[in-house]
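**Q** There's a structure below that I have some questions on.
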Amino acid sequence: MLNGVLQLDDFVTLTLGIIVLFVGITVTSRIEFLKKYNIPEPVTGGMVASILGLVAYLVFGLEIEFSLYARDVFLIYFFTTIGINARFAQLLAGGKPLLILLGLTLGYLALQDVVGFAAAAAMGQPSGVGVLVGSASLAGGHGTAIAWAPTISDQQGVGNALEIGVAAATIGLVIASLLGGPIAKFLLTRFDLTTDHEGDLVVGIERDKQDETSITHLNLMGAILIIHIAMILGFVLNEIIAGLGLKLPLFVSCMMVAIAMTNTIPLLFKRVAWPTGSKALALISDFSLGLFIAMSLMGMQLWEVAGLAGPLFGILAAQVLVAVLFILFVVFPLMGKNYFAAVLSAGFAGFCLGATPTAIANMSAVTKTHGPAPTAFIIVPLVGAFFVDVANAFLIQFFLTL
């Protein structure tokens with residue numbers, strides 16, 4: 001410990017992340033409100049841990065810093081499992097919904113920046129603050145906010161741009177985690193919706209089927225082996241793309257390789273036991289996503305967020321209100337006004353205010369209770385993890401020139 005800062009290494013951080021995930025599972029199972037409104041279990045555990053961290057800081061002056069390398073590895077794990085589950089037949093089936101969701105997302109990104117721009121102006125803040133508390137930090141997340149903060153600081157004279165961007169992304173992540181489940185619950189109840197898909201979940205195992213699920217060490221090890229091969233090839237692809245002057249998140253290239261493997265290897269080698277759709281892969285996917293979310297939230301430094309109150313919270317309140325109205329009156333009707341649309345609405349809340357893993361966690365919490373919606377788990381990562389980042393860069397640059 002140095003100057004009141006306790007730095008924890010990778011192994012300890014990972015161990016605490018598993019504990020936090022178990023805490024979330026236990027607390028959620030015992031509080032009816034959390035179960036009823038489909039609050040993701042890792043969100044519950046992560047929030048409990050971050051509040052304890054705030055208490056340690058306020059009472060003992062102790063700041064805890066986590067090493068998050070393992071968290072980022074689990075993110076790559078998760079997106080690789082999504083790729084392994086993506087058959088071309090499902091991608092084609094999701095073609096029309098994918099295009100509709102893409103159009104809605106691009107329109108919402110622009111709307112998000114307009115709201116931030118207008119709210120910042122109404123509060124007498126520089127326009128750069130509106131862009132930061134718009135698609136840069138909300139749909140874009142921490143990475144985009146950190147990447148654009150120096151530019152906004154230089155061009156708009158926002159001295160604390162980095163702090164504002166990180167705080168907005170952090171609060172957005174929390175709100176997105178807590179908002180998706182209740183939105184889906186409202187829609188499912190209001191329109192009396194149920195799943196029409198028979199089969200297993202893409203992420204996790206349905207709660208009423210967990211006791212009857214059989215997973216052997218062989219199919220679990222086989223799934224892990226294929227995930228690792230896809231990750232290695234994804235890293236190689238990422239290096240090749242970087243050599244061409246293009247920058248692509250590593251988890252995206254791993255997901256692309258996994259999709260290619262899933263749609264070629266089982267056809268060429270029919271005796272290979274491929275894990276697509278297996279309970280083993282669903283379990284690995286759920287575990288890796290849960291750890292990523294839990295470790296992300298348990299590392300939040302809530303005291304820093306509280307220090308940037310005022311205009312930040314005013315703009316965020318406007319963003320949340322617009323997001324809820326957009327999901328209820330635009331996304332849900334245009335996506336079909338059915339069970340799939342309700343699950344996807346929970347996911348849309350996740351990535352428009354937080355991040356793609358949050359979207360998947362929201363949808364997973366809903367489907368574990370109410371049943372599968374496999375197409376949603378195919379199209380949301382494609383839109384949220386790839387198209388959003390590309391379109392966002394152009395929109396942010398456009399609004400900064402206004």
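Starting from 1 in every chain, residues are counted up; chains themselves are A, B, ... following the order of the structure tokens, and ligands are numbered from 1 as listed.
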Residues at most 8 Å from Leu220 of chain A, counting only C-alpha atoms, excluding those fewer than 5 positions away in the same chain, as an MDAnalysis selection string?
**A** chainID A and resid 215 280:281
**Q** Quick one: everything within 12 Å of segment 259-267 of chain A, counting only C-alpha atoms, minus sequence neighbours fewer than 4 positions away in the same chain. Send it as a PDB file with C-alpha atoms, in the first residue's frame.
**A**
```pdb
ATOM      1  CA  PHE A  79     -17.311 -12.309 -27.652  1.00  0.00           C
ATOM      2  CA  THR A  80     -15.527 -15.389 -28.982  1.00  0.00           C
ATOM      3  CA  THR A  81     -18.309 -17.591 -27.586  1.00  0.00           C
ATOM      4  CA  ILE A  82     -20.869 -15.346 -29.310  1.00  0.00           C
ATOM      5  CA  GLY A  83     -19.013 -15.878 -32.597  1.00  0.00           C
ATOM      6  CA  ILE A  84     -18.920 -19.665 -32.109  1.00  0.00           C
ATOM      7  CA  ASN A  85     -22.694 -19.632 -31.677  1.00  0.00           C
ATOM      8  CA  ALA A  86     -23.323 -17.581 -34.852  1.00  0.00           C
ATOM      9  CA  ARG A  87     -24.374 -19.796 -37.736  1.00  0.00           C
ATOM     10  CA  PHE A  88     -24.844 -18.150 -41.135  1.00  0.00           C
ATOM     11  CA  ALA A  89     -28.421 -19.441 -41.188  1.00  0.00           C
ATOM     12  CA  GLN A  90     -29.142 -17.443 -38.045  1.00  0.00           C
ATOM     13  CA  LEU A  91     -27.318 -14.412 -39.424  1.00  0.00           C
ATOM     14  CA  ALA A 223     -15.339 -25.809 -25.885  1.00  0.00           C
ATOM     15  CA  ILE A 226     -11.912 -24.129 -29.539  1.00  0.00           C
ATOM     16  CA  ILE A 227     -12.339 -20.750 -27.823  1.00  0.00           C
ATOM     17  CA  ILE A 229      -7.806 -21.450 -30.928  1.00  0.00           C
ATOM     18  CA  ALA A 230     -10.249 -18.775 -32.146  1.00  0.00           C
ATOM     19  CA  MET A 231      -8.664 -16.204 -29.804  1.00  0.00           C
ATOM     20  CA  LEU A 233      -6.244 -16.707 -34.694  1.00  0.00           C
ATOM     21  CA  GLY A 234      -8.189 -13.558 -33.817  1.00  0.00           C
ATOM     22  CA  VAL A 252     -14.139  -7.949 -32.629  1.00  0.00           C
ATOM     23  CA  SER A 253     -11.452  -9.775 -34.636  1.00  0.00           C
ATOM     24  CA  CYS A 254     -11.770 -12.816 -32.332  1.00  0.00           C
ATOM     25  CA  MET A 255     -15.538 -12.836 -32.854  1.00  0.00           C
ATOM     26  CA  ARG A 271     -16.856 -35.836 -36.926  1.00  0.00           C
ATOM     27  CA  VAL A 272     -15.623 -32.851 -34.936  1.00  0.00           C
ATOM     28  CA  ALA A 273     -17.832 -32.259 -31.896  1.00  0.00           C
ATOM     29  CA  TRP A 274     -18.449 -28.534 -32.413  1.00  0.00           C
ATOM     30  CA  PRO A 275     -19.807 -26.671 -29.348  1.00  0.00           C
ATOM     31  CA  THR A 276     -22.287 -24.358 -31.116  1.00  0.00           C
ATOM     32  CA  GLY A 277     -25.526 -24.286 -29.111  1.00  0.00           C
ATOM     33  CA  ILE A 378     -26.573 -12.481 -32.746  1.00  0.00           C
ATOM     34  CA  LEU A 382     -22.733  -7.062 -34.377  1.00  0.00           C
TER      35      LEU A 382
END
```
**Q** May I ask which of the residues A:Leu14, A:Leu104, A:Leu34, A:Ala139 is the closest one to Val331 of chain A, counting only C-alpha atoms?
**A** A:Leu104
**Q** Tell me, as a list in words, which residues lie within 9 Å of Leu395 of chain A, counting only C-alpha atoms; anything in the same chain fewer than 3 positions away does not count.
**A**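 Selected residues are Leu109, Ala110, Asp113, Ser135, Ala391, Asn392, Phe398, Phe399 and Leu400 of chain A.
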**Q** Taking the backbone alone, and naming residues the way the document does, which bits of segment 27-113 of chain A are strand (DSSP E) by DSSP, as a compact mmCIF listing (two decimals) with C-alpha atoms, in the first residue's frame?
**A**
```txt
# COMPACT_ATOMS: atom_id res chain seq x y z
CA GLU A 63 -8.46 3.73 -2.14
CA ILE A 64 -8.50 0.27 -3.72
CA GLU A 65 -7.11 -0.17 -7.23
CA PHE A 66 -7.68 -3.38 -9.18
```
**Q** In Å, how far is it from atom CA of Asn338 of chain A to atom CA of Ala361 of chain A?
**A**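 These two atoms are separated by 19.8 Å.
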**Q** Figure out the distance between atom CA of Gly384 of chain A and atom CA of Phe351 of chain A, please, to one decimal in Å.
**A**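 Value for the atom CA of Phe351 of chain A-atom CA of Gly384 of chain A distance: 6.3 Å.
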**Q** Calculated over only C-alpha atoms, which of the candidates A:Ala184, A:Val20, A:Leu244, A:Ala168 has the smallest distance to Ala49 of chain A?
**A**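 When distances to Ala49 of chain A are compared using only C-alpha atoms, the smallest one comes from A:Val20.
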**Q** Just list as a VMD selection string whatever in segment 153-210 of chain A DSSP marks as helix (DSSP H, G or I).
**A** chain A and resid 153 to 156 161 to 190 207 to 210
**Q** Could you save the residues just selected, with C-alpha atoms, as a PDB file, in the first residue's frame?
**A**
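part-v6.pdb written:
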```
ATOM      1  CA  SER A 153     -10.144  19.590 -24.082  1.00  0.00           C
ATOM      2  CA  ASP A 154      -7.977  21.283 -26.730  1.00  0.00           C
ATOM      3  CA  GLN A 155     -10.723  22.382 -29.138  1.00  0.00           C
ATOM      4  CA  GLN A 156     -13.442  23.345 -26.643  1.00  0.00           C
ATOM      5  CA  ALA A 161     -12.828  16.635 -20.181  1.00  0.00           C
ATOM      6  CA  LEU A 162     -11.258  13.297 -19.221  1.00  0.00           C
ATOM      7  CA  GLU A 163     -12.862  13.297 -15.771  1.00  0.00           C
ATOM      8  CA  ILE A 164     -16.266  14.248 -17.187  1.00  0.00           C
ATOM      9  CA  GLY A 165     -16.091  11.597 -19.916  1.00  0.00           C
ATOM     10  CA  VAL A 166     -15.059   8.800 -17.544  1.00  0.00           C
ATOM     11  CA  ALA A 167     -17.673   9.810 -14.966  1.00  0.00           C
ATOM     12  CA  ALA A 168     -20.434   9.938 -17.589  1.00  0.00           C
ATOM     13  CA  ALA A 169     -19.419   6.538 -18.977  1.00  0.00           C
ATOM     14  CA  THR A 170     -19.381   5.060 -15.457  1.00  0.00           C
ATOM     15  CA  ILE A 171     -22.800   6.420 -14.499  1.00  0.00           C
ATOM     16  CA  GLY A 172     -24.176   5.396 -17.884  1.00  0.00           C
ATOM     17  CA  LEU A 173     -22.931   1.844 -17.357  1.00  0.00           C
ATOM     18  CA  VAL A 174     -24.722   1.633 -14.008  1.00  0.00           C
ATOM     19  CA  ILE A 175     -27.961   3.125 -15.343  1.00  0.00           C
ATOM     20  CA  ALA A 176     -27.880   0.849 -18.396  1.00  0.00           C
ATOM     21  CA  SER A 177     -27.440  -2.181 -16.137  1.00  0.00           C
ATOM     22  CA  LEU A 178     -30.427  -1.213 -13.994  1.00  0.00           C
ATOM     23  CA  LEU A 179     -32.729   0.036 -16.761  1.00  0.00           C
ATOM     24  CA  GLY A 180     -32.862  -2.793 -19.302  1.00  0.00           C
ATOM     25  CA  GLY A 181     -34.547  -5.389 -17.079  1.00  0.00           C
ATOM     26  CA  PRO A 182     -37.410  -3.156 -15.888  1.00  0.00           C
ATOM     27  CA  ILE A 183     -38.080  -1.991 -19.464  1.00  0.00           C
ATOM     28  CA  ALA A 184     -38.342  -5.608 -20.639  1.00  0.00           C
ATOM     29  CA  LYS A 185     -40.509  -6.517 -17.634  1.00  0.00           C
ATOM     30  CA  PHE A 186     -42.897  -3.656 -18.423  1.00  0.00           C
ATOM     31  CA  LEU A 187     -43.181  -4.657 -22.081  1.00  0.00           C
ATOM     32  CA  LEU A 188     -43.601  -8.370 -21.359  1.00  0.00           C
ATOM     33  CA  THR A 189     -46.345  -7.661 -18.828  1.00  0.00           C
ATOM     34  CA  ARG A 190     -48.066  -4.885 -20.777  1.00  0.00           C
ATOM     35  CA  ARG A 207     -33.184 -20.923 -14.076  1.00  0.00           C
ATOM     36  CA  ASP A 208     -35.823 -23.675 -14.047  1.00  0.00           C
ATOM     37  CA  LYS A 209     -33.536 -26.027 -16.023  1.00  0.00           C
ATOM     38  CA  GLN A 210     -30.308 -25.601 -14.051  1.00  0.00           C
TER      39      GLN A 210
END
```
